[in-house]
Amino acid sequence: MRNKLKPYILLLPISIILISIMGFGIINCIMQSLGYIPYIGLENISFRFYKEILGDSIFLESLIFSLKTSFISTTISIFIGVLLSYLLLQSKLSKIKESLLNLPIIVPHIVVVMLIISIFSQSGVISRILYNLNIISDSSQFMSLVSDKNGIGVILVYLWKGIPFVIITTYNILKNINEKLQNVALNLGANKYQCFKYIILPLVLPSIISSFIILFAFSFGAFEVPFLIGPTYPKALPVSAYMSYVSSDLSQRSYAMVINVVLSVFSFGILIVYNRILEKINKYKI
Amino acid sequence: MNLKNLIVELFIISFIFPLIILCIWSITGVWTYPNILHQSYSLRGFEYILNLENVKVLINSIVISIIVVFITVIISIPASKALSLYNFKGKRFFELLVLIIII
């Protein structure tokens, strides 16, 4: 009896905290998104805010912008990160260089934004170098990579943070893979590509997928990066939620909450997909 | 083999390069547009951050982070022990509950 209860007791503190904070937050958020904000006199519950927002073209553009930037940045960082960690494994680097790769992870996002601005903006380092090479004659000729409509600045920030993250997670797993497996495959006549596809890839796939999910969800929901470096139009979703939340018109709050609900629904969907994929992978594991 | 080393090292340089720029900016006085190198040195940034008021802010951040780390570790170690060592009803529910927060 005591043994049966033990895990629940161990889980009790974290569950209380998570459920109480999250549950309160989510219920509050949903209520406000339905238009129930008693302290400013709005008490009739309706779906009109959802209708208004979901039919709004600005909202749709923000949604597409957020999805696009986070998807592109995550895909590229996964691709480069996995490739690089594979190369890293084969080229024996000194410990110092390896630890240099860990540096970007501890740099906060806001600092990264500043770095990207100081390098890629119209008066940034690259523009200066081009000027001194006589390729451009004025800072305005350098194309605008920061605060542009396509969100290249946002993507660059997430790449700079994301690639090292992927490298570290994949590299540690690759390092621990038993070398005998590869040797056996090579001995039995597999070429290097087959070796990669049938041995290494299945072993690192769970970590690739989980880092994809973490990066995607983070860049989808994060607020400060698109706020600082993103374009003024279309805004990223979290930014427009924040804008309507701090607006002096309190009835705008419902719009913010609707956007938050949409964001949470997306994240929840990602979570479910993640869970499914992990289950599938675990099934094939020996 | 050499090519692989080169690619990896190029990447490392491209990751470290922005940080070097940051360090240069921190000791720069004037750095106007077309110049690749800065014109004058100054430590006004450090003077600003090291006066009494801002040191207090700095210490405040550090104290908050330390407290947060302690509480998090105390709460989550039992949870991770439960999730990894025991098999019980509703295990998946708790796993999902923890995952939701990350996302």
# chains A, B, ... in the order shown; residues from 1 in each chain; ligands from 1

call {"tool": "interface_residues", "arguments": {"of": "chain B", "to": "chain A", "cutoff": "9 Å", "atoms": "only C-alpha atoms", "output": "PyMOL selection string"}}
result
chain B and resi 1-2+4-5+7-9+11-12+15-16+18-19+21-22+32-36+75-83+85-88+94+96-103

call {"tool": "write_last_selection", "arguments": {"atoms": "N, CA and C atoms", "output": "short mmCIF file (atom, residue, chain, number, x, y, z; two decimals), in the first residue's frame"}}
result
data_model
loop_
_atom_site.label_atom_id
_atom_site.label_comp_id
_atom_site.auth_asym_id
_atom_site.auth_seq_id
_atom_site.Cartn_x
_atom_site.Cartn_y
_atom_site.Cartn_z
N MET B 1 38.68 15.03 -44.73
CA MET B 1 38.88 15.22 -43.29
C MET B 1 39.18 16.69 -42.97
N ASN B 2 40.08 17.25 -43.78
CA ASN B 2 40.42 18.65 -43.54
C ASN B 2 39.26 19.58 -43.83
N LYS B 4 36.12 18.90 -43.49
CA LYS B 4 35.16 18.82 -42.39
C LYS B 4 35.60 19.72 -41.24
N ASN B 5 36.90 19.62 -40.92
CA ASN B 5 37.41 20.48 -39.86
C ASN B 5 37.19 21.94 -40.18
N ILE B 7 34.89 23.30 -42.12
CA ILE B 7 33.48 23.70 -41.99
C ILE B 7 33.13 23.94 -40.53
N VAL B 8 33.52 22.99 -39.68
CA VAL B 8 33.18 23.11 -38.26
C VAL B 8 33.80 24.37 -37.67
N GLU B 9 35.06 24.61 -38.03
CA GLU B 9 35.71 25.78 -37.44
C GLU B 9 35.11 27.07 -37.95
N PHE B 11 32.03 27.49 -38.68
CA PHE B 11 30.80 27.68 -37.93
C PHE B 11 31.07 28.23 -36.54
N ILE B 12 32.09 27.66 -35.91
CA ILE B 12 32.41 28.15 -34.57
C ILE B 12 32.78 29.62 -34.62
N PHE B 15 29.82 31.78 -34.91
CA PHE B 15 29.05 31.92 -33.67
C PHE B 15 29.73 32.83 -32.68
N ILE B 16 31.05 32.84 -32.70
CA ILE B 16 31.77 33.62 -31.71
C ILE B 16 31.92 35.08 -32.15
N PRO B 18 29.89 37.44 -33.34
CA PRO B 18 29.02 38.45 -32.74
C PRO B 18 29.39 38.78 -31.31
N LEU B 19 29.86 37.77 -30.56
CA LEU B 19 30.22 38.04 -29.17
C LEU B 19 31.44 38.95 -29.10
N ILE B 21 32.15 41.22 -31.31
CA ILE B 21 31.62 42.56 -31.60
C ILE B 21 31.03 43.18 -30.34
N LEU B 22 30.31 42.35 -29.58
CA LEU B 22 29.70 42.84 -28.34
C LEU B 22 30.76 43.36 -27.39
N THR B 32 31.33 55.49 -35.62
CA THR B 32 30.37 55.96 -36.62
C THR B 32 30.37 55.05 -37.85
N TYR B 33 29.45 55.36 -38.77
CA TYR B 33 29.08 54.34 -39.75
C TYR B 33 30.20 53.70 -40.58
N PRO B 34 30.87 54.39 -41.47
CA PRO B 34 31.62 53.54 -42.42
C PRO B 34 32.87 52.89 -41.86
N ASN B 35 33.24 53.20 -40.61
CA ASN B 35 34.47 52.65 -40.09
C ASN B 35 34.29 51.22 -39.63
N ILE B 36 35.27 50.37 -40.00
CA ILE B 36 35.18 48.99 -39.54
C ILE B 36 35.67 48.88 -38.10
N ILE B 75 11.55 20.90 -5.74
CA ILE B 75 10.24 20.39 -6.15
C ILE B 75 10.36 19.33 -7.21
N SER B 76 11.32 19.50 -8.14
CA SER B 76 11.27 18.60 -9.31
C SER B 76 12.05 17.31 -9.15
N ILE B 77 12.99 17.25 -8.22
CA ILE B 77 13.71 15.98 -8.06
C ILE B 77 12.78 14.84 -7.62
N PRO B 78 11.92 15.06 -6.61
CA PRO B 78 10.99 13.98 -6.28
C PRO B 78 10.11 13.58 -7.46
N ALA B 79 9.66 14.58 -8.22
CA ALA B 79 8.79 14.28 -9.35
C ALA B 79 9.52 13.42 -10.37
N SER B 80 10.78 13.78 -10.66
CA SER B 80 11.49 13.00 -11.68
C SER B 80 11.78 11.60 -11.17
N LYS B 81 12.01 11.47 -9.88
CA LYS B 81 12.22 10.14 -9.31
C LYS B 81 10.97 9.30 -9.49
N ALA B 82 9.84 9.89 -9.19
CA ALA B 82 8.58 9.16 -9.31
C ALA B 82 8.35 8.74 -10.75
N LEU B 83 8.61 9.66 -11.68
CA LEU B 83 8.31 9.35 -13.08
C LEU B 83 9.25 8.30 -13.66
N LEU B 85 11.27 5.96 -11.84
CA LEU B 85 11.50 4.69 -11.15
C LEU B 85 10.24 3.87 -10.93
N TYR B 86 9.09 4.51 -10.92
CA TYR B 86 7.88 3.77 -10.57
C TYR B 86 6.96 3.63 -11.78
N ASN B 87 6.17 2.57 -11.73
CA ASN B 87 5.12 2.40 -12.72
C ASN B 87 3.79 2.51 -11.99
N PHE B 88 2.98 3.44 -12.40
CA PHE B 88 1.73 3.60 -11.66
C PHE B 88 0.65 4.12 -12.59
N PHE B 94 0.78 12.51 -15.89
CA PHE B 94 1.74 13.38 -15.22
C PHE B 94 2.88 13.77 -16.15
N LEU B 96 2.66 14.19 -19.34
CA LEU B 96 2.13 15.24 -20.21
C LEU B 96 2.04 16.56 -19.47
N LEU B 97 1.60 16.48 -18.22
CA LEU B 97 1.44 17.70 -17.41
C LEU B 97 2.76 18.45 -17.32
N VAL B 98 3.84 17.68 -17.12
CA VAL B 98 5.15 18.33 -17.03
C VAL B 98 5.55 18.91 -18.38
N LEU B 99 5.23 18.17 -19.45
CA LEU B 99 5.63 18.62 -20.78
C LEU B 99 4.90 19.90 -21.20
N ILE B 100 3.65 20.02 -20.78
CA ILE B 100 2.86 21.19 -21.17
C ILE B 100 3.59 22.47 -20.80
N ILE B 101 4.22 22.45 -19.64
CA ILE B 101 4.85 23.68 -19.15
C ILE B 101 5.99 24.10 -20.06
N ILE B 102 6.73 23.12 -20.57
CA ILE B 102 7.83 23.48 -21.47
C ILE B 102 7.28 24.22 -22.68
N ILE B 103 6.16 23.71 -23.15
CA ILE B 103 5.60 24.30 -24.35
C ILE B 103 4.76 25.51 -24.01
#

call {"tool": "residues_around", "arguments": {"residues": "Lys68 of chain A", "least_positions_apart": "6", "cutoff": "12 Å", "atoms": "only C-alpha atoms", "output": "PyMOL selection string"}}
result
chain A and resi 60-62+74-75+149-152+154-155+216+219-220+234+236-237

call {"tool": "write_last_selection", "arguments": {"atoms": "C-alpha atoms", "output": "mmCIF file, in the first residue's frame"}}
result
data_model
loop_
_atom_site.group_PDB
_atom_site.id
_atom_site.type_symbol
_atom_site.label_atom_id
_atom_site.label_comp_id
_atom_site.auth_asym_id
_atom_site.auth_seq_id
_atom_site.Cartn_x
_atom_site.Cartn_y
_atom_site.Cartn_z
ATOM 1 C CA LEU A 60 -4.351 35.880 -40.082
ATOM 2 C CA GLU A 61 -1.263 37.591 -41.415
ATOM 3 C CA SER A 62 0.252 37.655 -37.936
ATOM 4 C CA THR A 74 13.508 25.583 -36.492
ATOM 5 C CA THR A 75 13.902 23.529 -39.654
ATOM 6 C CA LYS A 149 8.655 42.172 -43.687
ATOM 7 C CA ASN A 150 9.909 38.616 -44.058
ATOM 8 C CA GLY A 151 11.225 38.447 -40.524
ATOM 9 C CA ILE A 152 14.774 37.545 -41.505
ATOM 10 C CA VAL A 154 13.845 37.089 -36.166
ATOM 11 C CA ILE A 155 14.909 33.949 -37.989
ATOM 12 C CA PHE A 216 9.296 25.497 -32.460
ATOM 13 C CA SER A 219 9.918 30.582 -31.047
ATOM 14 C CA PHE A 220 6.185 30.427 -31.707
ATOM 15 C CA PRO A 234 2.709 42.074 -39.876
ATOM 16 C CA ALA A 236 4.059 38.322 -34.678
ATOM 17 C CA LEU A 237 1.124 36.873 -32.752
#

call {"tool": "atom_distance", "arguments": {"atom1": "atom CA of Ile173 of chain A", "atom2": "atom CA of Glu95 of chain B"}}
result
22.0 Å

call {"tool": "residues_around", "arguments": {"residues": "Leu174 of chain A", "least_positions_apart": "5", "cutoff": "12 Å", "atoms": "only C-alpha atoms", "output": "list in words"}}
result
Val82, Leu83, Leu84, Ser85, Tyr86, Leu87, Leu88, Leu89, Gln90, Val166, Ile167, Ile168, Thr169, Glu179, Gln182, Phe196, Ile199, Ile200, Leu201, Pro202, Leu203, Val204, Leu205, Ser207 and Ile208 of chain A

call {"tool": "atom_distance", "arguments": {"atom1": "atom CA of Ile229 of chain A", "atom2": "atom CA of Asn54 of chain B"}}
result
26.1 Å
